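The file work-v5.cif comes next; it holds mmCIF, C-alpha atoms and all ligand atoms.
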```cif
data_data
#
loop_
_atom_site.group_PDB
_atom_site.id
_atom_site.type_symbol
_atom_site.label_atom_id
_atom_site.label_comp_id
_atom_site.auth_asym_id
_atom_site.auth_seq_id
_atom_site.Cartn_x
_atom_site.Cartn_y
_atom_site.Cartn_z
ATOM 1 C CA MET A 1 18.152 127.487 -36.813
ATOM 2 C CA GLN A 2 16.362 130.724 -37.592
ATOM 3 C CA ILE A 3 17.741 134.271 -37.580
ATOM 4 C CA LEU A 4 16.156 137.692 -37.787
ATOM 5 C CA LEU A 5 17.565 140.335 -40.158
ATOM 6 C CA ALA A 6 16.304 143.653 -38.804
ATOM 7 C CA HIS A 7 16.714 147.159 -40.203
ATOM 8 C CA GLY A 8 15.914 150.513 -38.676
ATOM 9 C CA PRO A 9 15.018 153.925 -40.086
ATOM 10 C CA ASN A 10 15.587 155.031 -43.668
ATOM 11 C CA LEU A 11 17.139 151.733 -44.662
ATOM 12 C CA ASN A 12 14.054 150.925 -46.744
ATOM 13 C CA LEU A 13 15.454 153.611 -49.081
ATOM 14 C CA LEU A 14 18.748 151.823 -49.710
ATOM 15 C CA GLY A 15 19.614 152.025 -53.387
ATOM 16 C CA GLU A 16 18.414 155.610 -53.697
ATOM 17 C CA ARG A 17 19.587 157.109 -50.382
ATOM 18 C CA LYS A 18 23.089 158.637 -50.522
ATOM 19 C CA PRO A 19 24.506 156.091 -52.988
ATOM 20 C CA GLU A 20 27.951 157.678 -52.604
ATOM 21 C CA ILE A 21 27.931 156.371 -49.011
ATOM 22 C CA TYR A 22 25.626 153.370 -49.026
ATOM 23 C CA GLY A 23 26.007 152.196 -52.630
ATOM 24 C CA THR A 24 23.224 151.163 -54.961
ATOM 25 C CA THR A 25 22.360 147.896 -53.249
ATOM 26 C CA THR A 26 18.717 147.722 -52.207
ATOM 27 C CA LEU A 27 17.298 146.290 -49.009
ATOM 28 C CA LEU A 28 15.842 143.441 -51.054
ATOM 29 C CA ASP A 29 19.341 142.640 -52.396
ATOM 30 C CA ILE A 30 20.692 142.504 -48.843
ATOM 31 C CA GLU A 31 17.830 140.332 -47.652
ATOM 32 C CA ALA A 32 18.455 137.942 -50.563
ATOM 33 C CA ASP A 33 22.210 137.806 -49.759
ATOM 34 C CA VAL A 34 21.583 136.975 -46.115
ATOM 35 C CA ALA A 35 18.932 134.397 -46.987
ATOM 36 C CA ALA A 36 21.330 132.728 -49.456
ATOM 37 C CA ALA A 37 24.196 132.653 -46.932
ATOM 38 C CA ALA A 38 21.967 131.294 -44.168
ATOM 39 C CA ASN A 39 20.061 128.822 -46.354
ATOM 40 C CA ALA A 40 23.372 127.381 -47.557
ATOM 41 C CA ARG A 41 24.027 126.469 -43.919
ATOM 42 C CA GLY A 42 20.537 125.120 -43.304
ATOM 43 C CA ALA A 43 19.254 128.203 -41.472
ATOM 44 C CA ALA A 44 16.178 130.303 -42.215
ATOM 45 C CA VAL A 45 15.964 134.112 -42.225
ATOM 46 C CA LEU A 46 13.083 136.385 -41.231
ATOM 47 C CA CYS A 47 13.333 139.972 -42.478
ATOM 48 C CA TYR A 48 11.963 143.092 -40.824
ATOM 49 C CA GLN A 49 12.366 146.842 -41.385
ATOM 50 C CA THR A 50 10.721 149.739 -39.610
ATOM 51 C CA ASN A 51 10.981 153.513 -39.369
ATOM 52 C CA HIS A 52 9.434 153.476 -35.869
ATOM 53 C CA GLU A 53 11.659 152.951 -32.849
ATOM 54 C CA GLY A 54 9.002 151.358 -30.647
ATOM 55 C CA ALA A 55 8.063 148.970 -33.428
ATOM 56 C CA LEU A 56 11.637 147.675 -33.586
ATOM 57 C CA ILE A 57 11.595 147.135 -29.829
ATOM 58 C CA ASP A 58 8.237 145.331 -30.100
ATOM 59 C CA ALA A 59 9.663 143.163 -32.881
ATOM 60 C CA LEU A 60 12.669 142.178 -30.745
ATOM 61 C CA HIS A 61 10.323 141.287 -27.895
ATOM 62 C CA HIS A 62 8.131 139.256 -30.234
ATOM 63 C CA TYR A 63 10.944 137.430 -32.037
ATOM 64 C CA ARG A 64 12.830 136.605 -28.841
ATOM 65 C CA ARG A 65 11.021 133.264 -28.690
ATOM 66 C CA VAL A 66 11.010 132.722 -32.464
ATOM 67 C CA VAL A 67 14.626 133.174 -33.581
ATOM 68 C CA ASP A 68 18.046 132.083 -32.341
ATOM 69 C CA GLY A 69 19.883 135.318 -33.138
ATOM 70 C CA VAL A 70 19.668 138.685 -34.867
ATOM 71 C CA ILE A 71 21.573 140.686 -37.485
ATOM 72 C CA LEU A 72 20.721 144.322 -36.821
ATOM 73 C CA ASN A 73 21.404 147.519 -38.709
ATOM 74 C CA ALA A 74 19.695 149.975 -36.385
ATOM 75 C CA GLY A 75 20.599 152.993 -38.558
ATOM 76 C CA ALA A 76 20.596 156.267 -36.629
ATOM 77 C CA TRP A 77 19.095 154.649 -33.498
ATOM 78 C CA THR A 78 22.521 153.042 -33.047
ATOM 79 C CA HIS A 79 23.771 156.413 -31.882
ATOM 80 C CA THR A 80 20.752 157.607 -29.897
ATOM 81 C CA SER A 81 18.614 154.865 -28.411
ATOM 82 C CA VAL A 82 19.068 153.728 -24.830
ATOM 83 C CA ALA A 83 15.660 152.036 -25.201
ATOM 84 C CA LEU A 84 16.952 149.896 -28.070
ATOM 85 C CA ARG A 85 20.067 148.990 -26.093
ATOM 86 C CA ASP A 86 17.902 147.954 -23.144
ATOM 87 C CA ALA A 87 15.658 145.884 -25.439
ATOM 88 C CA ILE A 88 18.639 144.013 -26.917
ATOM 89 C CA GLU A 89 19.900 143.299 -23.434
ATOM 90 C CA ALA A 90 16.437 142.246 -22.243
ATOM 91 C CA VAL A 91 15.688 139.731 -24.984
ATOM 92 C CA GLN A 92 18.962 137.865 -24.378
ATOM 93 C CA LEU A 93 19.460 136.990 -28.033
ATOM 94 C CA PRO A 94 22.884 137.156 -29.665
ATOM 95 C CA VAL A 95 22.875 140.236 -31.903
ATOM 96 C CA VAL A 96 25.441 141.195 -34.547
ATOM 97 C CA GLU A 97 25.479 144.940 -35.238
ATOM 98 C CA VAL A 98 26.007 145.835 -38.902
ATOM 99 C CA HIS A 99 26.633 149.106 -40.708
ATOM 100 C CA LEU A 100 27.151 149.482 -44.426
ATOM 101 C CA SER A 101 29.370 152.530 -43.998
ATOM 102 C CA ASN A 102 32.400 152.837 -41.732
ATOM 103 C CA THR A 103 30.723 154.959 -39.072
ATOM 104 C CA HIS A 104 34.128 155.790 -37.545
ATOM 105 C CA ARG A 105 35.193 157.608 -40.716
ATOM 106 C CA ARG A 106 32.088 159.801 -40.703
ATOM 107 C CA GLU A 107 30.671 162.572 -38.487
ATOM 108 C CA GLY A 108 31.595 162.449 -34.810
ATOM 109 C CA PHE A 109 28.043 161.657 -33.698
ATOM 110 C CA ARG A 110 28.231 158.370 -35.609
ATOM 111 C CA HIS A 111 31.367 157.191 -33.797
ATOM 112 C CA ARG A 112 29.529 156.106 -30.685
ATOM 113 C CA SER A 113 27.284 153.060 -30.728
ATOM 114 C CA LEU A 114 24.955 152.762 -27.743
ATOM 115 C CA ILE A 115 24.179 149.165 -28.705
ATOM 116 C CA ALA A 116 27.708 147.798 -29.274
ATOM 117 C CA GLY A 117 28.117 146.827 -25.628
ATOM 118 C CA VAL A 118 25.112 144.496 -25.737
ATOM 119 C CA CYS A 119 25.892 142.953 -29.140
ATOM 120 C CA ILE A 120 28.246 140.017 -29.657
ATOM 121 C CA GLY A 121 30.138 141.992 -32.297
ATOM 122 C CA GLN A 122 30.097 144.633 -34.964
ATOM 123 C CA VAL A 123 30.644 144.591 -38.760
ATOM 124 C CA THR A 124 31.170 148.123 -39.996
ATOM 125 C CA GLY A 125 32.190 149.611 -43.318
ATOM 126 C CA LEU A 126 32.141 146.515 -45.538
ATOM 127 C CA GLY A 127 29.016 147.502 -47.458
ATOM 128 C CA ARG A 128 26.783 144.734 -48.760
ATOM 129 C CA ASP A 129 29.438 142.061 -48.071
ATOM 130 C CA GLY A 130 29.302 142.884 -44.372
ATOM 131 C CA TYR A 131 25.913 141.218 -44.114
ATOM 132 C CA THR A 132 27.123 137.899 -45.496
ATOM 133 C CA ALA A 133 30.034 138.088 -43.064
ATOM 134 C CA ALA A 134 27.615 138.876 -40.224
ATOM 135 C CA ALA A 135 25.366 135.936 -41.136
ATOM 136 C CA ASN A 136 28.293 133.527 -41.124
ATOM 137 C CA LEU A 137 29.679 134.953 -37.877
ATOM 138 C CA LEU A 138 26.291 134.694 -36.174
ATOM 139 C CA LEU A 139 25.759 131.122 -37.385
ATOM 140 C CA ASP A 140 29.296 130.161 -36.274
ATOM 141 C CA TYR A 141 28.498 131.615 -32.866
ATOM 142 C CA LEU A 142 25.150 129.799 -32.624
ATOM 143 C CA GLU A 143 26.539 126.476 -33.838
ATOM 144 C CA ALA A 144 29.374 126.647 -31.323
ATOM 145 C CA ARG A 145 26.801 126.964 -28.549
ATOM 146 C CA ARG A 146 24.519 124.134 -29.629
HETATM 147 C C1 LIG A 201 24.195 153.135 -40.992
HETATM 148 C C2 LIG A 201 25.068 154.210 -40.324
HETATM 149 C C3 LIG A 201 24.225 155.132 -39.468
HETATM 150 O O1 LIG A 201 25.036 156.142 -38.887
HETATM 151 C C4 LIG A 201 23.158 155.808 -40.299
HETATM 152 O O2 LIG A 201 22.318 156.598 -39.479
HETATM 153 C C5 LIG A 201 22.360 154.852 -41.103
HETATM 154 C C6 LIG A 201 23.048 153.757 -41.770
HETATM 155 C C7 LIG A 201 25.011 152.261 -41.975
HETATM 156 O O3 LIG A 201 24.518 151.198 -42.336
HETATM 157 O O4 LIG A 201 26.107 152.652 -42.387
HETATM 158 O O5 LIG A 201 21.154 155.012 -41.294
HETATM 159 O O6 LIG A 201 23.679 152.285 -39.982
#
```
Would it be possible to restate this file's structure as structure tokens?
Ligand code: DQA
Amino acid sequence: MQILLAHGPNLNLLGERKPEIYGTTTLLDIEADVAAAANARGAAVLCYQTNHEGALIDALHHYRRVVDGVILNAGAWTHTSVALRDAIEAVQLPVVEVHLSNTHRREGFRHRSLIAGVCIGQVTGLGRDGYTAAANLLLDYLEARR
């Protein structure tokens, strides 16, 4: 079993970007957490981050034949990108949407997720721990369908 951990714009700056909202955890810390959770269950993790919307769509297209499922924090594209939603739908991979912050407790424009309807579920507002939860939820989902 192999999963993709994908991050969208500005998430490469985790640790220094708005620590009062996102904490001091870095992207490398999160990638290590997810790898540890997945490896403990015999699964491998591929990590990807981009600040370019089309590149994320290309990556989903590419990895659709490489991985069994995806953990995705799409950052601001969550709220804006019909193209990303269509890509998730097109690749037919199970995707768990993750956000470090509770987007529903923030500005109104963050309350709507354009991708939620094509993801198997959402983990929002649990910070770093949300990723470990997402990894276990995704692996539970994949194992149940084996
Ligand atoms: C985020 C929430 C988004 O609204 C924001 O644009 C981000 C990070 C989160 O992890 O809480 O970049 O996805």
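Across the model, the gap from atom CA of A:Arg64 to atom CA of A:Val91 is 5.7 Å.
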task = Expand the PyMOL selection byres (((chain A and resi 103) around 12) and not hetatm) into the individual residues it matches in the shown file, reporting them as a ChimeraX atom specification.
result = /A:21-22,73,75-76,78-79,97-102,104-113,122-127
task = Using only C-alpha atoms, determine which residues lie at most 7 Å from stretch 25-27 of chain A, disregarding the query and same-chain residues fewer than 6 positions distant; provide the list as an MDAnalysis selection string.
result = chainID A and resid 11:12 14:15
Can you spit out the residues from that selection as an mmCIF file, keeping the file's coordinate frame, using C-alpha atoms?
```cif
data_model
loop_
_atom_site.group_PDB
_atom_site.id
_atom_site.type_symbol
_atom_site.label_atom_id
_atom_site.label_comp_id
_atom_site.auth_asym_id
_atom_site.auth_seq_id
_atom_site.Cartn_x
_atom_site.Cartn_y
_atom_site.Cartn_z
ATOM 1 C CA LEU A 11 17.139 151.733 -44.662
ATOM 2 C CA ASN A 12 14.054 150.925 -46.744
ATOM 3 C CA LEU A 14 18.748 151.823 -49.710
ATOM 4 C CA GLY A 15 19.614 152.025 -53.387
#
```
ask   = Hey, which of A:His61, A:Arg41, A:Arg17, A:His52 ends up closest to ligand LIG 201 (chain A)? Count only C-alpha atoms and all ligand atoms.
value =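 Going through A:His61, A:Arg41, A:Arg17, A:His52 one by one, the smallest distance to ligand LIG 201 (chain A) is for A:Arg17.
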task = May I ask which of the residues A:Gly42, A:Gly117, A:Pro94, A:Gly130 is the closest one to ligand LIG 201 (chain A), counting all atoms listed in the file?
result = A:Gly130
key: Selection result of the PyMOL selection byres (((chain A and resi 48) around 9) and not hetatm) on this file, as a ChimeraX atom specification   = /A:4-8,46-47,49-50,56,59
Kindly save the residues from that selection, with C-alpha atoms included, as a PDB file, keeping the file's coordinate frame.
```pdb
ATOM      1  CA  LEU A   4      16.156 137.692 -37.787  1.00  0.00           C
ATOM      2  CA  LEU A   5      17.565 140.335 -40.158  1.00  0.00           C
ATOM      3  CA  ALA A   6      16.304 143.653 -38.804  1.00  0.00           C
ATOM      4  CA  HIS A   7      16.714 147.159 -40.203  1.00  0.00           C
ATOM      5  CA  GLY A   8      15.914 150.513 -38.676  1.00  0.00           C
ATOM      6  CA  LEU A  46      13.083 136.385 -41.231  1.00  0.00           C
ATOM      7  CA  CYS A  47      13.333 139.972 -42.478  1.00  0.00           C
ATOM      8  CA  GLN A  49      12.366 146.842 -41.385  1.00  0.00           C
ATOM      9  CA  THR A  50      10.721 149.739 -39.610  1.00  0.00           C
ATOM     10  CA  LEU A  56      11.637 147.675 -33.586  1.00  0.00           C
ATOM     11  CA  ALA A  59       9.663 143.163 -32.881  1.00  0.00           C
TER      12      ALA A  59
END
```
Centre and edges of the ligand LIG 201 (chain A) box, axis-aligned, 8 Å extra per side, as AutoDock Vina command-line options:
```
--center_x 23.6 --center_y 153.9 --center_z -40.6 --size_x 21.0 --size_y 21.4 --size_z 19.5
```
Using all atoms listed in the file: which of A:Arg65, A:Arg128, A:Arg85, A:Arg145 has the shortest distance to ligand LIG 201 (chain A) =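 Of A:Arg65, A:Arg128, A:Arg85, A:Arg145, the one nearest ligand LIG 201 (chain A) is A:Arg128, counting all atoms listed in the file.
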query = Got a sec: who's within 8 Å of A:Ala44, counting only C-alpha atoms, leaving out chain neighbours fewer than 6 positions off, as a ChimeraX atom specification?
reply = /A:1-3,35,38
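Of the listed residues (A:Val45, A:Ala90, A:Ala74, A:Ala144), A:Ala74 comes nearest to ligand LIG 201 (chain A); the distances count all atoms listed in the file.
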Point-to-point distance in Å for atom CA of A:Ala135 and atom CA of A:Ala37 =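 Separating atom CA of A:Ala37 from atom CA of A:Ala135 is a distance of 6.8 Å.
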request  = Check what the PyMOL selection byres (((chain A and resi 53) around 9) and not hetatm) selects in the file above and give those residues as a list of chain:residue names.
outcome  =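 This file, filtered by the PyMOL selection byres (((chain A and resi 53) around 9) and not hetatm), leaves A:Gly8, A:Pro9, A:Thr50, A:Asn51, A:His52, A:Gly54, A:Ala55, A:Leu56, A:Ile57, A:Asp58, A:Trp77, A:Ser81, A:Ala83, A:Leu84.
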query = Which distance in Å separates atom CA of A:Gly23 and atom CA of A:Ile71, to one decimal?
reply =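 About the pair atom CA of A:Gly23 and atom CA of A:Ile71: they are 19.5 Å apart.
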